[in-house]
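With PDB, C-alpha atoms inside, this is coords_13.pdb:
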ATOM      1  CA  MET A   1      50.975 127.507  57.573  1.00  0.00           C
ATOM      2  CA  VAL A   2      51.171 123.967  56.123  1.00  0.00           C
ATOM      3  CA  GLU A   3      47.897 124.565  54.301  1.00  0.00           C
ATOM      4  CA  ALA A   4      49.257 127.794  52.764  1.00  0.00           C
ATOM      5  CA  ALA A   5      52.393 125.985  51.589  1.00  0.00           C
ATOM      6  CA  GLY A   6      50.261 123.254  50.037  1.00  0.00           C
ATOM      7  CA  LYS A   7      48.155 125.834  48.187  1.00  0.00           C
ATOM      8  CA  SER A   8      51.316 127.593  46.998  1.00  0.00           C
ATOM      9  CA  GLN A   9      52.765 124.352  45.606  1.00  0.00           C
ATOM     10  CA  SER A  10      49.431 123.557  43.966  1.00  0.00           C
ATOM     11  CA  ALA A  11      49.328 127.034  42.382  1.00  0.00           C
ATOM     12  CA  GLU A  12      52.893 126.585  41.082  1.00  0.00           C
ATOM     13  CA  ARG A  13      51.968 123.233  39.534  1.00  0.00           C
ATOM     14  CA  SER A  14      48.845 124.760  37.987  1.00  0.00           C
ATOM     15  CA  CYS A  15      50.897 127.643  36.571  1.00  0.00           C
ATOM     16  CA  ALA A  16      53.439 125.192  35.163  1.00  0.00           C
ATOM     17  CA  HIS A  17      50.648 123.208  33.489  1.00  0.00           C
ATOM     18  CA  GLU A  18      49.180 126.351  31.954  1.00  0.00           C
ATOM     19  CA  THR A  19      52.611 127.302  30.696  1.00  0.00           C
ATOM     20  CA  LEU A  20      53.045 123.870  29.130  1.00  0.00           C
ATOM     21  CA  GLU A  21      49.672 124.158  27.421  1.00  0.00           C
ATOM     22  CA  GLU A  22      50.370 127.715  26.252  1.00  0.00           C
ATOM     23  CA  VAL A  23      53.786 126.891  24.810  1.00  0.00           C
ATOM     24  CA  PHE A  24      52.426 123.744  23.185  1.00  0.00           C
ATOM     25  CA  ALA A  25      49.542 125.667  21.606  1.00  0.00           C
ATOM     26  CA  ARG A  26      51.867 128.439  20.428  1.00  0.00           C
ATOM     27  CA  CYS A  27      54.157 125.883  18.737  1.00  0.00           C
ATOM     28  CA  GLN A  28      51.368 123.808  17.161  1.00  0.00           C
ATOM     29  CA  ASN A  29      52.014 124.783  13.539  1.00  0.00           C
ATOM     30  CA  GLU A  30      55.772 124.379  13.856  1.00  0.00           C
ATOM     31  CA  LEU A  31      55.404 121.017  15.578  1.00  0.00           C
ATOM     32  CA  LEU A  32      52.976 119.742  12.947  1.00  0.00           C
ATOM     33  CA  GLY A  33      55.214 120.982  10.143  1.00  0.00           C
ATOM     34  CA  LEU A  34      58.226 119.258  11.657  1.00  0.00           C
ATOM     35  CA  LEU A  35      56.310 116.040  12.204  1.00  0.00           C
ATOM     36  CA  VAL A  36      54.856 115.997   8.660  1.00  0.00           C
ATOM     37  CA  HIS A  37      58.387 116.153   7.291  1.00  0.00           C
ATOM     38  CA  MET A  38      59.611 113.511   9.723  1.00  0.00           C
ATOM     39  CA  VAL A  39      56.881 110.900   9.337  1.00  0.00           C
ATOM     40  CA  GLY A  40      55.898 111.586   5.749  1.00  0.00           C
ATOM     41  CA  ASN A  41      52.198 112.379   5.888  1.00  0.00           C
ATOM     42  CA  PRO A  42      49.753 114.687   7.697  1.00  0.00           C
ATOM     43  CA  GLU A  43      47.670 111.903   9.237  1.00  0.00           C
ATOM     44  CA  ASP A  44      50.644 110.331  11.005  1.00  0.00           C
ATOM     45  CA  ALA A  45      51.919 113.791  11.919  1.00  0.00           C
ATOM     46  CA  ARG A  46      48.668 114.565  13.728  1.00  0.00           C
ATOM     47  CA  ASP A  47      48.962 111.260  15.594  1.00  0.00           C
ATOM     48  CA  ALA A  48      52.569 112.062  16.517  1.00  0.00           C
ATOM     49  CA  TYR A  49      51.507 115.549  17.619  1.00  0.00           C
ATOM     50  CA  GLN A  50      48.885 114.093  19.961  1.00  0.00           C
ATOM     51  CA  ASP A  51      51.372 111.526  21.267  1.00  0.00           C
ATOM     52  CA  THR A  52      53.862 114.314  21.880  1.00  0.00           C
ATOM     53  CA  PHE A  53      51.337 116.270  23.916  1.00  0.00           C
ATOM     54  CA  LEU A  54      50.427 113.200  25.950  1.00  0.00           C
ATOM     55  CA  LYS A  55      54.098 112.463  26.671  1.00  0.00           C
ATOM     56  CA  CYS A  56      54.644 116.071  27.716  1.00  0.00           C
ATOM     57  CA  TRP A  57      51.546 116.007  29.895  1.00  0.00           C
ATOM     58  CA  ARG A  58      52.562 112.747  31.579  1.00  0.00           C
ATOM     59  CA  ASN A  59      55.924 114.309  32.412  1.00  0.00           C
ATOM     60  CA  ARG A  60      54.576 117.712  33.409  1.00  0.00           C
ATOM     61  CA  ASP A  61      56.096 117.318  36.866  1.00  0.00           C
ATOM     62  CA  GLN A  62      59.475 117.942  35.174  1.00  0.00           C
ATOM     63  CA  VAL A  63      58.354 121.308  33.750  1.00  0.00           C
ATOM     64  CA  PRO A  64      59.447 123.427  36.739  1.00  0.00           C
ATOM     65  CA  SER A  65      63.019 122.168  36.336  1.00  0.00           C
ATOM     66  CA  VAL A  66      63.080 122.601  32.523  1.00  0.00           C
ATOM     67  CA  ARG A  67      65.204 125.581  31.450  1.00  0.00           C
ATOM     68  CA  ASN A  68      63.784 125.873  27.921  1.00  0.00           C
ATOM     69  CA  LEU A  69      60.242 124.549  27.644  1.00  0.00           C
ATOM     70  CA  LYS A  70      60.052 124.978  23.849  1.00  0.00           C
ATOM     71  CA  ALA A  71      63.257 122.961  23.356  1.00  0.00           C
ATOM     72  CA  TRP A  72      61.966 120.287  25.762  1.00  0.00           C
ATOM     73  CA  ILE A  73      58.698 119.983  23.818  1.00  0.00           C
ATOM     74  CA  PHE A  74      60.522 119.799  20.481  1.00  0.00           C
ATOM     75  CA  ARG A  75      62.901 117.133  21.812  1.00  0.00           C
ATOM     76  CA  ILE A  76      59.894 115.006  22.769  1.00  0.00           C
ATOM     77  CA  ALA A  77      58.317 115.678  19.348  1.00  0.00           C
ATOM     78  CA  LEU A  78      61.542 114.660  17.597  1.00  0.00           C
ATOM     79  CA  ASN A  79      61.741 111.421  19.570  1.00  0.00           C
ATOM     80  CA  THR A  80      58.072 110.695  18.880  1.00  0.00           C
ATOM     81  CA  GLY A  81      58.564 111.385  15.172  1.00  0.00           C
ATOM     82  CA  ARG A  82      61.654 109.167  15.055  1.00  0.00           C
ATOM     83  CA  ASP A  83      59.800 106.336  16.789  1.00  0.00           C
ATOM     84  CA  MET A  84      56.868 106.666  14.420  1.00  0.00           C
ATOM     85  CA  ARG A  85      59.130 106.839  11.357  1.00  0.00           C
ATOM     86  CA  GLN A  86      60.911 103.645  12.452  1.00  0.00           C
ATOM     87  CA  THR A  87      57.634 101.770  12.712  1.00  0.00           C
ATOM     88  CA  ALA A  88      56.064 103.341   9.591  1.00  0.00           C
ATOM     89  CA  TRP A  89      56.781 100.296   7.457  1.00  0.00           C
ATOM     90  CA  ARG A  90      54.245  98.374   9.543  1.00  0.00           C
ATOM     91  CA  ARG A  91      51.463 100.712   8.540  1.00  0.00           C
ATOM     92  CA  HIS A  92      50.055 100.834   5.051  1.00  0.00           C
ATOM     93  CA  ARG A  93      48.673 104.327   4.772  1.00  0.00           C
ATOM     94  CA  ARG A  94      48.506 106.272   1.591  1.00  0.00           C
ATOM     95  CA  ASP A  95      50.120 109.722   1.712  1.00  0.00           C
ATOM     96  CA  LEU A  96      47.943 112.670   0.894  1.00  0.00           C
ATOM     97  CA  PRO A  97      48.999 114.693  -2.126  1.00  0.00           C
ATOM     98  CA  ASP A  98      51.256 117.577  -1.154  1.00  0.00           C
ATOM     99  CA  ASP A  99      48.942 120.213  -2.601  1.00  0.00           C
ATOM    100  CA  GLU A 100      46.229 119.393  -0.070  1.00  0.00           C
ATOM    101  CA  TRP A 101      48.478 120.771   2.677  1.00  0.00           C
ATOM    102  CA  ASP A 102      49.576 123.935   0.919  1.00  0.00           C
ATOM    103  CA  LEU A 103      48.113 127.084   2.358  1.00  0.00           C
ATOM    104  CA  ALA A 104      46.216 129.222  -0.079  1.00  0.00           C
ATOM    105  CA  GLY A 105      48.601 131.838  -1.374  1.00  0.00           C
ATOM    106  CA  HIS A 106      48.053 135.331  -2.585  1.00  0.00           C
ATOM    107  CA  ALA A 107      49.205 134.645  -6.125  1.00  0.00           C
ATOM    108  CA  ASP A 108      48.677 137.360  -8.684  1.00  0.00           C
ATOM    109  CA  SER A 109      47.922 134.899 -11.457  1.00  0.00           C
ATOM    110  CA  PRO A 110      47.288 131.200 -12.048  1.00  0.00           C
ATOM    111  CA  GLU A 111      50.719 130.964 -13.685  1.00  0.00           C
ATOM    112  CA  GLN A 112      52.385 132.357 -10.587  1.00  0.00           C
ATOM    113  CA  ALA A 113      50.419 129.936  -8.407  1.00  0.00           C
ATOM    114  CA  VAL A 114      51.582 126.998 -10.554  1.00  0.00           C
ATOM    115  CA  GLU A 115      55.176 128.211 -10.421  1.00  0.00           C
ATOM    116  CA  THR A 116      55.033 128.594  -6.638  1.00  0.00           C
ATOM    117  CA  ALA A 117      53.536 125.100  -6.267  1.00  0.00           C
ATOM    118  CA  GLU A 118      56.270 123.658  -8.475  1.00  0.00           C
ATOM    119  CA  GLN A 119      58.957 125.409  -6.422  1.00  0.00           C
ATOM    120  CA  MET A 120      57.463 124.073  -3.180  1.00  0.00           C
ATOM    121  CA  THR A 121      57.404 120.553  -4.629  1.00  0.00           C
ATOM    122  CA  LEU A 122      61.087 120.848  -5.554  1.00  0.00           C
ATOM    123  CA  ILE A 123      61.975 122.191  -2.113  1.00  0.00           C
ATOM    124  CA  ARG A 124      60.020 119.417  -0.356  1.00  0.00           C
ATOM    125  CA  ALA A 125      61.782 116.816  -2.479  1.00  0.00           C
ATOM    126  CA  ALA A 126      65.186 118.362  -1.742  1.00  0.00           C
ATOM    127  CA  VAL A 127      64.495 118.484   2.013  1.00  0.00           C
ATOM    128  CA  SER A 128      63.356 114.855   1.953  1.00  0.00           C
ATOM    129  CA  GLN A 129      66.757 113.873   0.494  1.00  0.00           C
ATOM    130  CA  LEU A 130      68.681 115.356   3.437  1.00  0.00           C
ATOM    131  CA  ARG A 131      70.151 112.991   6.005  1.00  0.00           C
ATOM    132  CA  SER A 132      67.829 112.764   9.017  1.00  0.00           C
ATOM    133  CA  GLU A 133      70.257 114.716  11.260  1.00  0.00           C
ATOM    134  CA  GLU A 134      70.460 117.540   8.740  1.00  0.00           C
ATOM    135  CA  LYS A 135      66.723 117.511   8.100  1.00  0.00           C
ATOM    136  CA  GLU A 136      65.941 117.818  11.814  1.00  0.00           C
ATOM    137  CA  VAL A 137      68.241 120.805  12.263  1.00  0.00           C
ATOM    138  CA  PHE A 138      66.987 122.473   9.076  1.00  0.00           C
ATOM    139  CA  LEU A 139      63.313 122.027   9.998  1.00  0.00           C
ATOM    140  CA  LEU A 140      63.796 123.187  13.583  1.00  0.00           C
ATOM    141  CA  ARG A 141      65.587 126.294  12.341  1.00  0.00           C
ATOM    142  CA  GLN A 142      63.259 127.111   9.436  1.00  0.00           C
ATOM    143  CA  ASN A 143      59.835 125.846  10.548  1.00  0.00           C
ATOM    144  CA  ALA A 144      60.090 126.155  14.304  1.00  0.00           C
ATOM    145  CA  GLU A 145      62.253 129.291  14.120  1.00  0.00           C
ATOM    146  CA  MET A 146      64.429 127.983  16.925  1.00  0.00           C
ATOM    147  CA  THR A 147      67.868 129.436  17.624  1.00  0.00           C
ATOM    148  CA  TYR A 148      70.944 127.268  17.227  1.00  0.00           C
ATOM    149  CA  GLU A 149      71.208 127.101  21.018  1.00  0.00           C
ATOM    150  CA  GLU A 150      67.579 125.965  21.349  1.00  0.00           C
ATOM    151  CA  ILE A 151      68.125 123.324  18.666  1.00  0.00           C
ATOM    152  CA  ALA A 152      71.273 122.130  20.449  1.00  0.00           C
ATOM    153  CA  GLU A 153      69.327 121.820  23.678  1.00  0.00           C
ATOM    154  CA  ALA A 154      66.408 120.043  21.981  1.00  0.00           C
ATOM    155  CA  LEU A 155      68.710 117.535  20.289  1.00  0.00           C
ATOM    156  CA  GLY A 156      71.172 117.225  23.151  1.00  0.00           C
ATOM    157  CA  ILE A 157      74.178 118.115  20.984  1.00  0.00           C
ATOM    158  CA  PRO A 158      76.696 120.998  20.976  1.00  0.00           C
ATOM    159  CA  SER A 159      75.663 124.172  19.146  1.00  0.00           C
ATOM    160  CA  GLY A 160      78.743 123.807  16.921  1.00  0.00           C
ATOM    161  CA  THR A 161      77.362 120.484  15.696  1.00  0.00           C
ATOM    162  CA  VAL A 162      74.013 122.160  15.005  1.00  0.00           C
ATOM    163  CA  LYS A 163      75.741 124.846  12.921  1.00  0.00           C
ATOM    164  CA  THR A 164      77.744 122.231  11.010  1.00  0.00           C
ATOM    165  CA  ARG A 165      74.629 120.204  10.250  1.00  0.00           C
ATOM    166  CA  MET A 166      72.831 123.354   9.126  1.00  0.00           C
ATOM    167  CA  ARG A 167      75.716 124.303   6.813  1.00  0.00           C
ATOM    168  CA  LEU A 168      75.716 120.791   5.335  1.00  0.00           C
ATOM    169  CA  ALA A 169      71.928 120.863   4.905  1.00  0.00           C
ATOM    170  CA  LEU A 170      72.030 124.215   3.133  1.00  0.00           C
ATOM    171  CA  ALA A 171      74.896 123.097   0.889  1.00  0.00           C
ATOM    172  CA  ARG A 172      73.025 119.900  -0.063  1.00  0.00           C
ATOM    173  CA  LEU A 173      69.828 121.854  -0.703  1.00  0.00           C
ATOM    174  CA  ARG A 174      71.654 124.363  -2.911  1.00  0.00           C
ATOM    175  CA  THR A 175      73.289 121.545  -4.880  1.00  0.00           C
ATOM    176  CA  THR A 176      70.039 119.616  -5.270  1.00  0.00           C
ATOM    177  CA  LEU A 177      67.985 122.663  -6.229  1.00  0.00           C
ATOM    178  CA  ALA A 178      70.651 123.951  -8.629  1.00  0.00           C
ATOM    179  CA  GLY A 179      70.522 120.580 -10.399  1.00  0.00           C
ATOM    180  CA  THR A 180      66.741 120.823 -10.852  1.00  0.00           C
ATOM    181  CA  GLY A 181      66.695 124.411 -12.114  1.00  0.00           C
TER     182      GLY A 181
END
Show this structure as structure tokens.
Amino acid sequence: MVEAAGKSQSAERSCAHETLEEVFARCQNELLGLLVHMVGNPEDARDAYQDTFLKCWRNRDQVPSVRNLKAWIFRIALNTGRDMRQTAWRRHRRDLPDDEWDLAGHADSPEQAVETAEQMTLIRAAVSQLRSEEKEVFLLRQNAEMTYEEIAEALGIPSGTVKTRMRLALARLRTTLAGTG
């Protein structure tokens, strides 16, 4: 009987670990996108992504009690990105040009491809000008496709605050982009 209970607990832990790995893998692109915007370059973002996974893995015993695993992972990614951004001045890495991280589009013409690249550059610049609180909410909503409730849980703030920050972010983006057009 004790042996069966031990196997059951072991199976639950194994299932929880698989779930952590599955959710982490499913969110890889969103996590990397968020981290690139937070830390400023793809190389540091990959480092932050790996650090995030390691932190999640070290705390995998908490997974069974986590209500929203995606929000939990993103909260750890946000904290990792913030820590890395705060210490970025110590590192002297050169950022990669933005166009190296653009996915190949299905542009009808070279002119359309240039126009799309210019628009993406303007949008990136506008997002980079947002306050960090607004940028986090905007990126979690747009890149990670998280609901306002999931964002609130990930950031540990009320959903009303998330909605306010999103409204402010969108207003600032509209103002900034209208000024460049």
Query raised in the report: In Å, how far is it from atom CA of A:Arg46 to atom CA of A:Asp83?
Result: 14.2 Å
Run through the PyMOL selection byres ((chain A and resi 161-174) around 9) on the given coordinates and return the selected residues as a short mmCIF file (atom, residue, chain, number, x, y, z; two decimals) with C-alpha atoms, in the coordinates of the input.
data_model
loop_
_atom_site.label_atom_id
_atom_site.label_comp_id
_atom_site.auth_asym_id
_atom_site.auth_seq_id
_atom_site.Cartn_x
_atom_site.Cartn_y
_atom_site.Cartn_z
CA ILE A 123 61.98 122.19 -2.11
CA ALA A 126 65.19 118.36 -1.74
CA VAL A 127 64.50 118.48 2.01
CA GLN A 129 66.76 113.87 0.49
CA LEU A 130 68.68 115.36 3.44
CA ARG A 131 70.15 112.99 6.00
CA GLU A 133 70.26 114.72 11.26
CA GLU A 134 70.46 117.54 8.74
CA LYS A 135 66.72 117.51 8.10
CA VAL A 137 68.24 120.80 12.26
CA PHE A 138 66.99 122.47 9.08
CA ARG A 141 65.59 126.29 12.34
CA TYR A 148 70.94 127.27 17.23
CA GLU A 149 71.21 127.10 21.02
CA ILE A 151 68.12 123.32 18.67
CA ALA A 152 71.27 122.13 20.45
CA LEU A 155 68.71 117.54 20.29
CA ILE A 157 74.18 118.12 20.98
CA PRO A 158 76.70 121.00 20.98
CA SER A 159 75.66 124.17 19.15
CA GLY A 160 78.74 123.81 16.92
CA THR A 175 73.29 121.54 -4.88
CA THR A 176 70.04 119.62 -5.27
CA LEU A 177 67.98 122.66 -6.23
CA ALA A 178 70.65 123.95 -8.63
CA GLY A 179 70.52 120.58 -10.40
#
Got a sec: who's within 8 Å of stretch 51-56 of chain A, counting all atoms listed in the file, leaving out chain neighbours fewer than 6 positions off, as a short mmCIF file (atom, residue, chain, number, x, y, z; two decimals) with C-alpha atoms, keeping the file's coordinate frame?
data_model
loop_
_atom_site.label_atom_id
_atom_site.label_comp_id
_atom_site.auth_asym_id
_atom_site.auth_seq_id
_atom_site.Cartn_x
_atom_site.Cartn_y
_atom_site.Cartn_z
CA PHE A 24 52.43 123.74 23.18
CA ILE A 73 58.70 119.98 23.82
CA ILE A 76 59.89 115.01 22.77
CA ALA A 77 58.32 115.68 19.35
CA THR A 80 58.07 110.70 18.88
#
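You will find atom CA of A:Tyr49 at 20.1 Å from atom CA of A:Val66.
In terms of minimum interatomic distance to A:Met146, A:Phe74 ranks closest within A:Ala113, A:Leu32, A:Gly40, A:Phe74, counting only C-alpha atoms.
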